[in-house]
Amino acid sequence: MVFFGGASVSVVHACARDGRGGSPTAVTDDGPYGDDERRRVPGAAGASHAVFVSRGPEQDGRPVFSLRFFTSEGELPSCGHGTLAALGYLAARADTDSDTYRVTLRVAGRTFPGRAVRKGSYAEADFAYGPVELREPDPGESALVLPTLGIPPHALGPGLRVASVGRPRLLVPVASPSVLAALAPDMERLRAACDRLGLLGCYVYAAPSPSGRVAARMFAPSIGVPEDVANANSTACLAAHLGERGIDRVTVDMGDSLGSPATLRARTSGQGLRLGGDVLVTRPPLLP
């Protein structure tokens with residue numbers, strides 16, 4: 001076990017695929033830390049993101065936890081795969097005989113239910129997602145960002161969208177998984193473009209299969225993550241976008257280009273959108 005300011009830190013592999021891979025995410029109980037201290041935790045734990053968990057009074061017999069998310073660049077208003085990681089972390093240490101752990105979570109002023117079903121060494125986690133704002137990008141936004149991604153003009157698909165769940169990002173469709181795999185963005189130019197436009201980054205995805213299977217990559221140098229292993233918030237944005245086209249379930253594969261395969265699941269219904277993935281709790285090296 002590792003320690004930070006006297007508290008133990010776990011690394012949770014969020015959105016693992018077939019029991020391996022996933023996005024390493026540091027999770028720990030929050031305390032009287034400064035934000036500079038919190039920013040150090042992801043890199044020191046070998047993770048791109050860190051989640052800080054605070055327990056509040058129970059409501060309706062269910063535990064309540066507030067979550068804060070940090071990368072090396074600073075705090076994020078929300079983090080989907082970090083929320084899934086927190087659910088796995090809380091379920092792993094829950095004092096209950098039931099395999100299904102239910103909790104109420106608070107993130108950036110929003111309160112919502114989460115669930116983790118424990119299955120041996122991992123858990124299947126999901127939570128109720130909030131509203132997603134979608135719009136078409138302005139021509140100037142597209143003209144500034146798209147050249148930095150290196151997508152051949154003939155390989156760009158229809159349906160560019162700016163999607164926001166607290167911070168906007170650009171959803172970029174491409175013609176095939178092979179086009180997606182070959183991308184090598186100019187990270188300095190991409191960061192400059194995203195910083196200028198206030199974008200989190202670019203979520204590039206191949207056209208979905210008839211079953212709703214999608215391959216995607218997330219480039220977010222503006223938050224210190226050149227490429228994210230698993231970006232759940234952007235997957236929720238994609239699910240909301242595809243839901244408008246009648247596709248109510250998607251399974252998104254990410255992380256293959258980084259050697260850490262990850263899979264996320266999202267579904268839309270009359271009750272809203274739910275986002276999920278498998279999580280594995282491991283022990284990272286010692287923090288300095």
# chains A, B, ... in the order shown; residues from 1 in each chain; ligands from 1
>>> residues_around(residues="A:Asp97", least_positions_apart="6", cutoff="12 Å", atoms="only C-alpha atoms", output="list in words")
Ala91, Val117 and Arg118 of chain A
>>> residues_around(residues="stretch 241-245 of chain A", least_positions_apart="2", cutoff="12 Å", atoms="only C-alpha atoms", output="ChimeraX atom specification")
/A:131-136,159-164,170-173,205,207-209,212-214,234-239,247-251,266-270,272-273
>>> residues_around(residues="A:Gly88", least_positions_apart="4", cutoff="9 Å", atoms="only C-alpha atoms", output="ChimeraX atom specification")
/A:12,14,83-84,92-93,115-118,122-125,278-281
>>> write_last_selection(atoms="N, CA and C atoms", output="PDB file, in the first residue's frame")
ATOM      1  N   VAL A  12      -6.497   2.100  -9.141  1.00  0.00           N
ATOM      2  CA  VAL A  12      -7.603   1.344  -9.709  1.00  0.00           C
ATOM      3  C   VAL A  12      -7.488   1.401 -11.229  1.00  0.00           C
ATOM      4  N   ALA A  14      -9.316   1.464 -14.228  1.00  0.00           N
ATOM      5  CA  ALA A  14     -10.708   1.714 -14.619  1.00  0.00           C
ATOM      6  C   ALA A  14     -10.933   1.304 -16.066  1.00  0.00           C
ATOM      7  N   THR A  83     -14.697   8.473 -11.723  1.00  0.00           N
ATOM      8  CA  THR A  83     -15.883   8.095 -10.944  1.00  0.00           C
ATOM      9  C   THR A  83     -16.028   6.583 -10.881  1.00  0.00           C
ATOM     10  N   LEU A  84     -15.805   5.901 -12.009  1.00  0.00           N
ATOM     11  CA  LEU A  84     -15.849   4.435 -12.008  1.00  0.00           C
ATOM     12  C   LEU A  84     -14.751   3.862 -11.101  1.00  0.00           C
ATOM     13  N   ALA A  92     -14.517  -2.184  -2.919  1.00  0.00           N
ATOM     14  CA  ALA A  92     -13.489  -3.120  -2.456  1.00  0.00           C
ATOM     15  C   ALA A  92     -13.312  -3.071  -0.946  1.00  0.00           C
ATOM     16  N   ARG A  93     -13.562  -1.926  -0.355  1.00  0.00           N
ATOM     17  CA  ARG A  93     -13.358  -1.811   1.092  1.00  0.00           C
ATOM     18  C   ARG A  93     -14.672  -1.725   1.868  1.00  0.00           C
ATOM     19  N   ARG A 115     -23.172   2.398  -8.654  1.00  0.00           N
ATOM     20  CA  ARG A 115     -23.284   0.988  -8.262  1.00  0.00           C
ATOM     21  C   ARG A 115     -22.028   0.250  -8.703  1.00  0.00           C
ATOM     22  N   ALA A 116     -21.619  -0.722  -7.880  1.00  0.00           N
ATOM     23  CA  ALA A 116     -20.529  -1.625  -8.252  1.00  0.00           C
ATOM     24  C   ALA A 116     -20.919  -3.039  -7.836  1.00  0.00           C
ATOM     25  N   VAL A 117     -20.842  -3.960  -8.772  1.00  0.00           N
ATOM     26  CA  VAL A 117     -21.138  -5.361  -8.505  1.00  0.00           C
ATOM     27  C   VAL A 117     -19.806  -6.101  -8.418  1.00  0.00           C
ATOM     28  N   ARG A 118     -19.467  -6.571  -7.227  1.00  0.00           N
ATOM     29  CA  ARG A 118     -18.178  -7.225  -7.008  1.00  0.00           C
ATOM     30  C   ARG A 118     -18.193  -8.634  -7.590  1.00  0.00           C
ATOM     31  N   TYR A 122     -12.449  -8.164  -9.474  1.00  0.00           N
ATOM     32  CA  TYR A 122     -12.843  -6.923 -10.124  1.00  0.00           C
ATOM     33  C   TYR A 122     -14.312  -6.623  -9.819  1.00  0.00           C
ATOM     34  N   ALA A 123     -14.753  -5.482 -10.280  1.00  0.00           N
ATOM     35  CA  ALA A 123     -16.154  -5.099 -10.104  1.00  0.00           C
ATOM     36  C   ALA A 123     -16.667  -4.474 -11.391  1.00  0.00           C
ATOM     37  N   GLU A 124     -17.934  -4.689 -11.664  1.00  0.00           N
ATOM     38  CA  GLU A 124     -18.609  -3.997 -12.756  1.00  0.00           C
ATOM     39  C   GLU A 124     -19.282  -2.758 -12.166  1.00  0.00           C
ATOM     40  N   ALA A 125     -18.827  -1.592 -12.581  1.00  0.00           N
ATOM     41  CA  ALA A 125     -19.315  -0.341 -12.003  1.00  0.00           C
ATOM     42  C   ALA A 125     -20.095   0.451 -13.044  1.00  0.00           C
ATOM     43  N   ASP A 278     -15.524  -2.072 -16.241  1.00  0.00           N
ATOM     44  CA  ASP A 278     -14.955  -2.970 -15.237  1.00  0.00           C
ATOM     45  C   ASP A 278     -13.760  -2.305 -14.570  1.00  0.00           C
ATOM     46  N   VAL A 279     -13.608  -2.527 -13.265  1.00  0.00           N
ATOM     47  CA  VAL A 279     -12.512  -1.903 -12.519  1.00  0.00           C
ATOM     48  C   VAL A 279     -11.750  -2.956 -11.727  1.00  0.00           C
ATOM     49  N   LEU A 280     -10.409  -2.791 -11.677  1.00  0.00           N
ATOM     50  CA  LEU A 280      -9.512  -3.652 -10.919  1.00  0.00           C
ATOM     51  C   LEU A 280      -8.723  -2.793  -9.945  1.00  0.00           C
ATOM     52  N   VAL A 281      -8.675  -3.192  -8.665  1.00  0.00           N
ATOM     53  CA  VAL A 281      -7.940  -2.449  -7.653  1.00  0.00           C
ATOM     54  C   VAL A 281      -6.591  -3.136  -7.443  1.00  0.00           C
TER      55      VAL A 281
END
>>> select_by_dssp(residues="stretch 42-139 of chain A", states="strand (DSSP E or B)", output="number ranges by chain")
A: 49-59, 62-71, 74-76, 100-107, 110-119, 122-129, 133-135
>>> write_last_selection(atoms="C-alpha atoms", output="PDB file, in the first residue's frame")
ATOM      1  CA  HIS A  49      -5.639  11.129 -12.871  1.00  0.00           C
ATOM      2  CA  ALA A  50      -6.239  11.073  -9.119  1.00  0.00           C
ATOM      3  CA  VAL A  51      -9.558  10.950  -7.249  1.00  0.00           C
ATOM      4  CA  PHE A  52      -9.973  12.325  -3.719  1.00  0.00           C
ATOM      5  CA  VAL A  53     -12.910  10.866  -1.780  1.00  0.00           C
ATOM      6  CA  SER A  54     -14.766  12.497   1.148  1.00  0.00           C
ATOM      7  CA  ARG A  55     -17.532  10.778   3.097  1.00  0.00           C
ATOM      8  CA  GLY A  56     -20.664  12.693   4.104  1.00  0.00           C
ATOM      9  CA  PRO A  57     -23.756  11.849   6.176  1.00  0.00           C
ATOM     10  CA  GLU A  58     -25.829   8.919   4.920  1.00  0.00           C
ATOM     11  CA  GLN A  59     -29.036   9.601   3.028  1.00  0.00           C
ATOM     12  CA  ARG A  62     -27.112   4.790   1.632  1.00  0.00           C
ATOM     13  CA  PRO A  63     -23.522   6.077   2.022  1.00  0.00           C
ATOM     14  CA  VAL A  64     -22.715   9.434   0.413  1.00  0.00           C
ATOM     15  CA  PHE A  65     -19.295  10.417  -0.961  1.00  0.00           C
ATOM     16  CA  SER A  66     -18.006  13.574  -2.619  1.00  0.00           C
ATOM     17  CA  LEU A  67     -15.328  13.242  -5.315  1.00  0.00           C
ATOM     18  CA  ARG A  68     -12.639  15.619  -6.574  1.00  0.00           C
ATOM     19  CA  PHE A  69     -10.437  14.914  -9.597  1.00  0.00           C
ATOM     20  CA  PHE A  70      -6.915  16.086 -10.399  1.00  0.00           C
ATOM     21  CA  THR A  71      -4.313  15.683 -13.122  1.00  0.00           C
ATOM     22  CA  GLY A  74      -4.881  20.900 -11.916  1.00  0.00           C
ATOM     23  CA  GLU A  75      -8.450  20.089 -10.904  1.00  0.00           C
ATOM     24  CA  LEU A  76     -11.107  18.811 -13.303  1.00  0.00           C
ATOM     25  CA  THR A 100     -23.815  -5.260  -5.035  1.00  0.00           C
ATOM     26  CA  TYR A 101     -22.640  -1.993  -3.512  1.00  0.00           C
ATOM     27  CA  ARG A 102     -24.835   1.086  -3.963  1.00  0.00           C
ATOM     28  CA  VAL A 103     -23.793   4.614  -3.108  1.00  0.00           C
ATOM     29  CA  THR A 104     -24.748   8.235  -3.665  1.00  0.00           C
ATOM     30  CA  LEU A 105     -22.029  10.395  -5.222  1.00  0.00           C
ATOM     31  CA  ARG A 106     -21.565  14.161  -5.357  1.00  0.00           C
ATOM     32  CA  VAL A 107     -19.484  15.793  -8.067  1.00  0.00           C
ATOM     33  CA  ARG A 110     -24.503  17.200  -8.883  1.00  0.00           C
ATOM     34  CA  THR A 111     -25.805  14.270  -6.796  1.00  0.00           C
ATOM     35  CA  PHE A 112     -26.388  10.896  -8.474  1.00  0.00           C
ATOM     36  CA  PRO A 113     -26.484   7.146  -7.742  1.00  0.00           C
ATOM     37  CA  GLY A 114     -23.621   4.754  -8.446  1.00  0.00           C
ATOM     38  CA  ARG A 115     -23.284   0.988  -8.262  1.00  0.00           C
ATOM     39  CA  ALA A 116     -20.529  -1.625  -8.252  1.00  0.00           C
ATOM     40  CA  VAL A 117     -21.138  -5.361  -8.505  1.00  0.00           C
ATOM     41  CA  ARG A 118     -18.178  -7.225  -7.008  1.00  0.00           C
ATOM     42  CA  LYS A 119     -17.017 -10.258  -9.001  1.00  0.00           C
ATOM     43  CA  TYR A 122     -12.843  -6.923 -10.124  1.00  0.00           C
ATOM     44  CA  ALA A 123     -16.154  -5.099 -10.104  1.00  0.00           C
ATOM     45  CA  GLU A 124     -18.609  -3.997 -12.756  1.00  0.00           C
ATOM     46  CA  ALA A 125     -19.315  -0.341 -12.003  1.00  0.00           C
ATOM     47  CA  ASP A 126     -21.801   2.114 -13.472  1.00  0.00           C
ATOM     48  CA  PHE A 127     -23.507   5.364 -12.589  1.00  0.00           C
ATOM     49  CA  ALA A 128     -26.266   7.680 -13.744  1.00  0.00           C
ATOM     50  CA  TYR A 129     -24.827  10.330 -16.012  1.00  0.00           C
ATOM     51  CA  GLU A 133     -24.697  19.605 -24.284  1.00  0.00           C
ATOM     52  CA  LEU A 134     -24.114  19.099 -28.022  1.00  0.00           C
ATOM     53  CA  ARG A 135     -23.657  21.617 -30.810  1.00  0.00           C
TER      54      ARG A 135
END
>>> residues_around(residues="A:Pro147", least_positions_apart="6", cutoff="10 Å", atoms="only C-alpha atoms", output="PyMOL selection string")
chain A and resi 153+185-186+189-190+193
>>> select_by_dssp(residues="stretch 169-264 of chain A", states="helix (DSSP H, G or I)", output="ChimeraX atom specification")
/A:177-182,187-197,221-223,232-243,256-258
>>> closest_residue(among="A:Ser72, A:Ser222, A:Ser211, A:Ser8", to="A:Glu188", atoms="only C-alpha atoms")
A:Ser222
>>> atom_distance(atom1="atom CA of A:Pro152", atom2="atom CA of A:Ala232")
26.3 Å
>>> atom_distance(atom1="atom CA of A:Arg38", atom2="atom CA of A:Thr282")
19.9 Å
>>> closest_residue(among="A:Gly43, A:Pro177, A:Gly80, A:Gly255", to="A:Arg20", atoms="only C-alpha atoms")
A:Gly255
>>> atom_distance(atom1="atom CA of A:Thr25", atom2="atom CA of A:Asn231")
11.7 Å
>>> closest_residue(among="A:Phe219, A:Ala206, A:Ile151, A:Leu183", to="A:Arg169", atoms="only C-alpha atoms")
A:Phe219
>>> decode(residues="stretch 80-94 of chain A", atoms="N, CA, C and O atoms", output="compact mmCIF listing (two decimals), in the first residue's frame")
# COMPACT_ATOMS: atom_id res chain seq x y z
N GLY A 80 -15.25 10.89 -15.73
CA GLY A 80 -16.07 9.68 -15.77
C GLY A 80 -15.33 8.43 -15.35
O GLY A 80 -15.81 7.65 -14.53
N HIS A 81 -14.11 8.21 -15.91
CA HIS A 81 -13.41 6.98 -15.52
C HIS A 81 -12.91 7.09 -14.08
O HIS A 81 -12.79 6.07 -13.38
N GLY A 82 -12.65 8.33 -13.60
CA GLY A 82 -12.32 8.51 -12.19
C GLY A 82 -13.48 8.16 -11.28
O GLY A 82 -13.29 7.62 -10.18
N THR A 83 -14.70 8.47 -11.72
CA THR A 83 -15.88 8.10 -10.94
C THR A 83 -16.03 6.58 -10.88
O THR A 83 -16.33 6.01 -9.82
N LEU A 84 -15.80 5.90 -12.01
CA LEU A 84 -15.85 4.44 -12.01
C LEU A 84 -14.75 3.86 -11.10
O LEU A 84 -14.98 2.89 -10.36
N ALA A 85 -13.56 4.46 -11.13
CA ALA A 85 -12.47 4.02 -10.27
C ALA A 85 -12.85 4.18 -8.80
O ALA A 85 -12.59 3.29 -7.97
N ALA A 86 -13.48 5.31 -8.46
CA ALA A 86 -13.90 5.53 -7.08
C ALA A 86 -14.94 4.50 -6.65
O ALA A 86 -14.90 4.00 -5.50
N LEU A 87 -15.85 4.14 -7.53
CA LEU A 87 -16.84 3.11 -7.19
C LEU A 87 -16.16 1.77 -6.90
O LEU A 87 -16.53 1.06 -5.96
N GLY A 88 -15.16 1.40 -7.72
CA GLY A 88 -14.43 0.16 -7.45
C GLY A 88 -13.68 0.21 -6.14
O GLY A 88 -13.65 -0.76 -5.38
N TYR A 89 -13.05 1.33 -5.86
CA TYR A 89 -12.31 1.54 -4.61
C TYR A 89 -13.23 1.42 -3.40
O TYR A 89 -12.92 0.73 -2.42
N LEU A 90 -14.39 2.09 -3.47
CA LEU A 90 -15.33 2.05 -2.34
C LEU A 90 -15.92 0.66 -2.16
O LEU A 90 -16.08 0.19 -1.03
N ALA A 91 -16.23 -0.01 -3.25
CA ALA A 91 -16.80 -1.36 -3.15
C ALA A 91 -15.79 -2.34 -2.57
O ALA A 91 -16.16 -3.23 -1.79
N ALA A 92 -14.52 -2.18 -2.92
CA ALA A 92 -13.49 -3.12 -2.46
C ALA A 92 -13.31 -3.07 -0.95
O ALA A 92 -12.94 -4.07 -0.32
N ARG A 93 -13.56 -1.93 -0.36
CA ARG A 93 -13.36 -1.81 1.09
C ARG A 93 -14.67 -1.72 1.87
O ARG A 93 -14.66 -1.52 3.08
N ALA A 94 -15.80 -1.90 1.20
CA ALA A 94 -17.10 -1.80 1.86
C ALA A 94 -17.31 -2.99 2.81
O ALA A 94 -17.00 -4.13 2.47
